[in-house]
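Chemist: Shown below is the structure under consideration.
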Amino acid sequence: MSMRAVIQGVGHAVPGTVLTNRDLEARVDTTDEWIVQRTGIRERRISTTDESTFTWALQASQRALESAQIEAQELDLVVCGTVTPDMLFPATACLVQDAIGAHRAGAYDLGAACAGFIYSLATASAMIESGAAQTALVIGADTLSKYIDWNDRATCILFGDGAGAVVLRGEKDTDRGVVKTVLLSDGSGGRHINIAGGGSRVPYGSPRWDETSKFIYMAGSEVYRFAVTAMGDACCRALELAGLSDTDIDLFVPHQANLRIIESAAKRLKLPPEKVFINVERMGNTSGGSIPIGLSEAQAAGRLKKGDLVMTVGFGAGLVWGANLIRW
Ligand code: UT7
């Protein structure tokens, strides 16, 4: 049998500071009722000035290594799916690599927005399957709260901060591990959700920079329409490639962006509520952190057992989307 990238451990970390819908009512023209009805979100976790993507990525990584009972020195690879790195460079993955003492590992960030963990897991598992790596730490981490216009009610209600991580190790003769991956993109949709400034096109402080350059711009209903189709499409494709059907899924851990988007994907896969993991009401949209935080919470809640078939799926700015079908 060929090599499989098997998840050996999982962990997550989120800020202690909680921002409720009531807190937002005091800042912008919105209501708790509107936010809950349209998104399912009741509260989200927000970093302080001293906390950054690295803060959550490091804690999540340490917890994942501990749960895997694998030493950092055994890692060949550290991949961090993030679009809110601590700095443009060096990569946040390198900051984590140094802090945990992963002296033998290569380390890089991967930018696929809210699908950052889906893309990072697909990449790391392909490295393991090819023999280029044996043991890998895969992180999804973001602090989008740092890029929010707190006067913009269309975006400030959605996002929260946090990170999750898994440790992968190659195993032969097993049906466990990452079974199939699907990665898709449509760059023509980049105009619907972006942060225009801070890169080489509109560098900070350049003549083209203005007060709005650092904020998330989002055409919410465009992204919503795309997401509803994209989530289901990616899952169906992954099942088809694996020769499995929706009835084989034991747990569905989708990107937590909006409860209505999750419910429509679950409906397309004909999944009963007990097979759908949801924490969007407490976390909001934590971007790259969303899916691994979900996996970590599901594991802690006893909702994931060895051998379970887990469907993970995400979408985000790019536009990008994709799914990883995992035998836990
Ligand atoms: O990971 C990818 C990240 N992005 C997403 O996943 C976003 C996907 N999109 C969504 O989740 C939804 O589009 C939103 C929750 C952002 C918005 O819900 P919607 O049902 O698509 O609302 P809408 O944008 O069509 O706006 C409807 C109305 C508008 O008022 P008018 O023009 O009808 O008078 C908005 O101005 O709701 C208004 N509105 C609000 N009202 C109260 C927009 N934001 C708010 C708010 N509170 N926070």
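Just remember, in the structure tokens the first chain shown is A, the second B, etc., residues are 1-based per chain, and ligands are 1-based in the order shown.
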Tell me, as a PyMOL selection string, which residues lie within 12 Å of Thr17 (chain A), counting only C-alpha atoms; anything in the same chain fewer than 5 positions away does not count.
Modeler: chain A and resi 23+43-49+51+145+160-162+282-283
Chemist: I need the residues from that last selection saved to file as a compact mmCIF listing (two decimals), in the first residue's frame (with N, CA and C atoms), if you can.
Modeler:
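Below you can see again-v2.txt, which holds the result:
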```
# COMPACT_ATOMS: atom_id res chain seq x y z
N ASP A 23 -21.64 43.92 22.38
CA ASP A 23 -20.52 44.88 22.31
C ASP A 23 -20.54 45.61 20.98
N GLU A 43 -20.66 35.50 19.33
CA GLU A 43 -19.46 36.14 19.87
C GLU A 43 -18.24 35.65 19.11
N ARG A 44 -17.14 36.37 19.23
CA ARG A 44 -15.88 35.99 18.57
C ARG A 44 -14.74 36.36 19.51
N ARG A 45 -13.56 35.78 19.28
CA ARG A 45 -12.39 36.02 20.14
C ARG A 45 -11.41 36.94 19.40
N ILE A 46 -10.94 37.98 20.11
CA ILE A 46 -10.16 39.03 19.46
C ILE A 46 -8.82 39.22 20.17
N SER A 47 -7.74 39.35 19.39
CA SER A 47 -6.40 39.53 19.96
C SER A 47 -6.24 40.93 20.55
N THR A 48 -5.39 41.02 21.58
CA THR A 48 -5.02 42.33 22.11
C THR A 48 -3.87 42.89 21.26
N THR A 49 -3.44 44.10 21.56
CA THR A 49 -2.34 44.72 20.82
C THR A 49 -1.08 43.87 20.87
N GLU A 51 -0.88 40.62 21.17
CA GLU A 51 -1.06 39.27 20.62
C GLU A 51 -1.10 39.33 19.10
N SER A 145 -8.84 40.30 12.89
CA SER A 145 -9.35 41.44 13.67
C SER A 145 -8.45 42.66 13.51
N GLY A 160 -13.11 36.56 13.72
CA GLY A 160 -12.47 36.37 15.02
C GLY A 160 -11.06 35.85 14.77
N ASP A 161 -10.30 35.67 15.84
CA ASP A 161 -8.89 35.26 15.71
C ASP A 161 -8.68 33.86 16.31
N GLY A 162 -7.59 33.21 15.87
CA GLY A 162 -7.24 31.92 16.47
C GLY A 162 -6.46 31.04 15.53
N ARG A 282 -19.58 30.76 18.58
CA ARG A 282 -18.63 31.19 19.61
C ARG A 282 -17.36 31.81 19.04
N MET A 283 -17.00 31.42 17.80
CA MET A 283 -15.70 31.79 17.24
C MET A 283 -15.79 32.83 16.13
```
Chemist: Would you name the residues within 8 Å of ligand 1, counting only C-alpha atoms and all ligand atoms, and put them as a PyMOL selection string?
Modeler: chain A and resi 28-31+34-35+38-39+113-115+153-158+193+218-225+227+255-258+260-261+285+287+314-317
Chemist: Pick out the residues sitting within 7 Å of region 90-105 of chain A, and hand them over as a list of chain:residue names; count only C-alpha atoms, and ignore anything fewer than 4 positions along from it in its own chain.
Modeler: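 Counting only C-alpha atoms, the residues come to A:Phe54, A:Leu58, A:Ala72, A:Gln73, A:Leu75, A:Asp76, A:Leu77, A:Val78, A:Val79, A:Cys80, A:Pro85, A:Asp86, A:Asp109.
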Chemist: State, in Å with one decimal place, the distance from CA of Leu295 (chain A) to CA of Val10 (chain A).
Modeler: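 So the answer is 7.3 Å.
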Chemist: Excluding same-chain residues fewer than 4 positions from Thr174 (chain A), what lies within 10 Å of it counting only C-alpha atoms, as a ChimeraX atom specification?
Modeler: /A:1-6,170,327
Chemist: Name the residues in contact with Leu269 (chain A) at a cut-off of 10 Å, using only C-alpha atoms, excluding same-chain residues fewer than 5 positions from it; report them as a PyMOL selection string.
Modeler: chain A and resi 232-233+235-236+245-247+249+252+263-264
Chemist: Atoms to include: C-alpha atoms. Write the selected residues as a PDB file, in the first residue's frame.
Modeler:
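Result saved to out21.pdb:
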```pdb
ATOM      1  CA  GLY A 232     -20.866  21.393  -1.883  1.00  0.00           C
ATOM      2  CA  ASP A 233     -19.003  21.060  -5.216  1.00  0.00           C
ATOM      3  CA  CYS A 235     -17.056  17.849  -1.157  1.00  0.00           C
ATOM      4  CA  CYS A 236     -18.858  15.955  -3.927  1.00  0.00           C
ATOM      5  CA  SER A 245     -20.603   8.511  -0.914  1.00  0.00           C
ATOM      6  CA  ASP A 246     -22.081  11.105   1.459  1.00  0.00           C
ATOM      7  CA  THR A 247     -23.472   8.328   3.668  1.00  0.00           C
ATOM      8  CA  ILE A 249     -19.114  10.630   6.163  1.00  0.00           C
ATOM      9  CA  PHE A 252     -18.386  17.173   8.530  1.00  0.00           C
ATOM     10  CA  GLU A 263     -26.357  24.376   6.643  1.00  0.00           C
ATOM     11  CA  SER A 264     -26.755  24.579   2.888  1.00  0.00           C
TER      12      SER A 264
END
```
Chemist: Take CA of Ser120 (chain A) and CA of Ile41 (chain A) and report the distance between them in Å, one decimal.
Modeler: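 Computing the Euclidean distance for CA of Ser120 (chain A) and CA of Ile41 (chain A) yields 26.2 Å.
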Chemist: Run DSSP on the backbone and give me the residues of region 43-260 of chain A it puts in strand (DSSP E or B), as a ChimeraX atom specification.
Modeler: /A:43-45,77-81,106-110,135-143,159,161-171,177-185,193-195,216-218,251-254
Chemist: Kindly export the residues of the current selection with N, CA and C atoms, as a short mmCIF file (atom, residue, chain, number, x, y, z; two decimals), in the first residue's frame.
Modeler:
```
data_model
loop_
_atom_site.label_atom_id
_atom_site.label_comp_id
_atom_site.auth_asym_id
_atom_site.auth_seq_id
_atom_site.Cartn_x
_atom_site.Cartn_y
_atom_site.Cartn_z
N GLU A 43 -20.66 35.50 19.33
CA GLU A 43 -19.46 36.14 19.87
C GLU A 43 -18.24 35.65 19.11
N ARG A 44 -17.14 36.37 19.23
CA ARG A 44 -15.88 35.99 18.57
C ARG A 44 -14.74 36.36 19.51
N ARG A 45 -13.56 35.78 19.28
CA ARG A 45 -12.39 36.02 20.14
C ARG A 45 -11.41 36.94 19.40
N LEU A 77 9.01 19.38 8.45
CA LEU A 77 8.30 20.43 7.74
C LEU A 77 7.35 21.18 8.69
N VAL A 78 7.34 22.51 8.58
CA VAL A 78 6.34 23.32 9.28
C VAL A 78 5.66 24.20 8.24
N VAL A 79 4.36 24.03 8.04
CA VAL A 79 3.62 24.83 7.07
C VAL A 79 2.55 25.61 7.82
N CYS A 80 2.48 26.91 7.57
CA CYS A 80 1.47 27.73 8.25
C CYS A 80 0.57 28.40 7.21
N GLY A 81 -0.68 28.01 7.18
CA GLY A 81 -1.67 28.64 6.31
C GLY A 81 -2.15 29.92 6.98
N GLY A 106 12.09 22.28 7.34
CA GLY A 106 11.84 23.40 6.45
C GLY A 106 10.57 24.09 6.91
N ALA A 107 10.45 25.39 6.65
CA ALA A 107 9.26 26.11 7.15
C ALA A 107 8.83 27.18 6.16
N TYR A 108 7.53 27.21 5.88
CA TYR A 108 7.02 28.27 4.99
C TYR A 108 5.55 28.56 5.28
N ASP A 109 5.13 29.78 4.91
CA ASP A 109 3.72 30.15 5.00
C ASP A 109 3.04 29.87 3.66
N LEU A 110 1.75 29.67 3.73
CA LEU A 110 0.98 29.43 2.51
C LEU A 110 -0.25 30.34 2.55
N THR A 135 7.49 13.64 8.66
CA THR A 135 6.70 14.17 9.77
C THR A 135 6.51 15.68 9.57
N ALA A 136 5.27 16.16 9.68
CA ALA A 136 5.00 17.57 9.37
C ALA A 136 4.03 18.18 10.37
N LEU A 137 4.26 19.46 10.65
CA LEU A 137 3.33 20.25 11.46
C LEU A 137 2.59 21.18 10.50
N VAL A 138 1.27 21.10 10.52
CA VAL A 138 0.46 21.94 9.63
C VAL A 138 -0.43 22.83 10.49
N ILE A 139 -0.28 24.14 10.28
CA ILE A 139 -0.99 25.12 11.12
C ILE A 139 -1.94 25.92 10.23
N GLY A 140 -3.09 26.28 10.78
CA GLY A 140 -3.96 27.29 10.15
C GLY A 140 -4.13 28.38 11.19
N ALA A 141 -3.76 29.63 10.86
CA ALA A 141 -3.76 30.68 11.88
C ALA A 141 -4.04 32.04 11.25
N ASP A 142 -4.91 32.81 11.88
CA ASP A 142 -5.15 34.18 11.40
C ASP A 142 -5.62 35.09 12.52
N THR A 143 -5.33 36.38 12.34
CA THR A 143 -5.82 37.42 13.24
C THR A 143 -6.41 38.54 12.39
N PHE A 159 -15.64 38.40 11.82
CA PHE A 159 -14.34 37.74 11.99
C PHE A 159 -13.88 37.64 13.45
N ASP A 161 -10.30 35.67 15.84
CA ASP A 161 -8.89 35.26 15.71
C ASP A 161 -8.68 33.86 16.31
N GLY A 162 -7.59 33.21 15.87
CA GLY A 162 -7.24 31.92 16.47
C GLY A 162 -6.46 31.04 15.53
N ALA A 163 -6.04 29.90 16.06
CA ALA A 163 -5.23 28.97 15.27
C ALA A 163 -5.51 27.53 15.70
N GLY A 164 -5.30 26.64 14.75
CA GLY A 164 -5.33 25.21 15.04
C GLY A 164 -4.16 24.57 14.31
N ALA A 165 -3.76 23.38 14.76
CA ALA A 165 -2.62 22.71 14.13
C ALA A 165 -2.79 21.20 14.23
N VAL A 166 -2.21 20.51 13.25
CA VAL A 166 -2.16 19.04 13.32
C VAL A 166 -0.72 18.60 13.07
N VAL A 167 -0.38 17.43 13.60
CA VAL A 167 0.91 16.81 13.30
C VAL A 167 0.63 15.59 12.43
N LEU A 168 1.32 15.53 11.28
CA LEU A 168 1.15 14.42 10.33
C LEU A 168 2.39 13.54 10.36
N ARG A 169 2.16 12.24 10.17
CA ARG A 169 3.32 11.36 9.99
C ARG A 169 2.97 10.31 8.94
N GLY A 170 3.94 10.00 8.10
CA GLY A 170 3.71 9.02 7.04
C GLY A 170 3.58 7.62 7.61
N GLU A 171 2.58 6.88 7.14
CA GLU A 171 2.40 5.48 7.54
C GLU A 171 2.05 4.67 6.30
N GLY A 177 -5.56 8.50 7.42
CA GLY A 177 -4.80 9.59 6.83
C GLY A 177 -5.61 10.41 5.83
N VAL A 178 -4.92 11.31 5.12
CA VAL A 178 -5.58 12.18 4.12
C VAL A 178 -5.87 11.30 2.91
N VAL A 179 -7.15 11.08 2.64
CA VAL A 179 -7.58 10.13 1.61
C VAL A 179 -7.59 10.80 0.24
N LYS A 180 -8.23 11.95 0.15
CA LYS A 180 -8.28 12.70 -1.13
C LYS A 180 -8.30 14.19 -0.85
N THR A 181 -7.70 14.95 -1.76
CA THR A 181 -7.75 16.41 -1.63
C THR A 181 -8.25 17.00 -2.95
N VAL A 182 -8.97 18.11 -2.82
CA VAL A 182 -9.45 18.85 -3.99
C VAL A 182 -9.10 20.32 -3.76
N LEU A 183 -8.35 20.93 -4.67
CA LEU A 183 -8.01 22.35 -4.55
C LEU A 183 -8.48 23.07 -5.80
N LEU A 184 -9.19 24.19 -5.63
CA LEU A 184 -9.74 24.92 -6.78
C LEU A 184 -9.55 26.43 -6.58
N SER A 185 -9.61 27.17 -7.68
CA SER A 185 -9.47 28.63 -7.57
C SER A 185 -10.14 29.33 -8.73
N ILE A 193 -13.35 40.07 -2.37
CA ILE A 193 -12.88 40.09 -0.97
C ILE A 193 -11.36 40.24 -0.98
N ASN A 194 -10.89 41.33 -0.39
CA ASN A 194 -9.44 41.58 -0.41
C ASN A 194 -9.03 42.62 0.63
N ILE A 195 -7.71 42.67 0.85
CA ILE A 195 -7.10 43.81 1.57
C ILE A 195 -6.16 44.42 0.55
N ILE A 216 -10.24 45.11 5.44
CA ILE A 216 -10.86 44.09 4.60
C ILE A 216 -12.00 44.73 3.82
N TYR A 217 -11.96 44.56 2.49
CA TYR A 217 -13.11 44.93 1.66
C TYR A 217 -13.84 43.64 1.32
N MET A 218 -15.16 43.63 1.44
CA MET A 218 -15.90 42.41 1.10
C MET A 218 -17.26 42.73 0.51
N LEU A 251 -18.15 12.67 10.14
CA LEU A 251 -18.22 14.04 10.67
C LEU A 251 -17.83 15.03 9.58
N PHE A 252 -18.61 16.10 9.50
CA PHE A 252 -18.39 17.17 8.53
C PHE A 252 -17.85 18.37 9.31
N VAL A 253 -16.61 18.79 8.98
CA VAL A 253 -16.01 19.95 9.68
C VAL A 253 -15.73 21.02 8.62
N PRO A 254 -16.74 21.85 8.34
CA PRO A 254 -16.58 22.87 7.29
C PRO A 254 -15.99 24.17 7.84
#
```
Chemist: Work out how far CA of Arg63 (chain A) is from CA of Ala323 (chain A), in Å to one decimal.
Modeler: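 Computed distance, CA of Ala323 (chain A) to CA of Arg63 (chain A), equals 24.2 Å.
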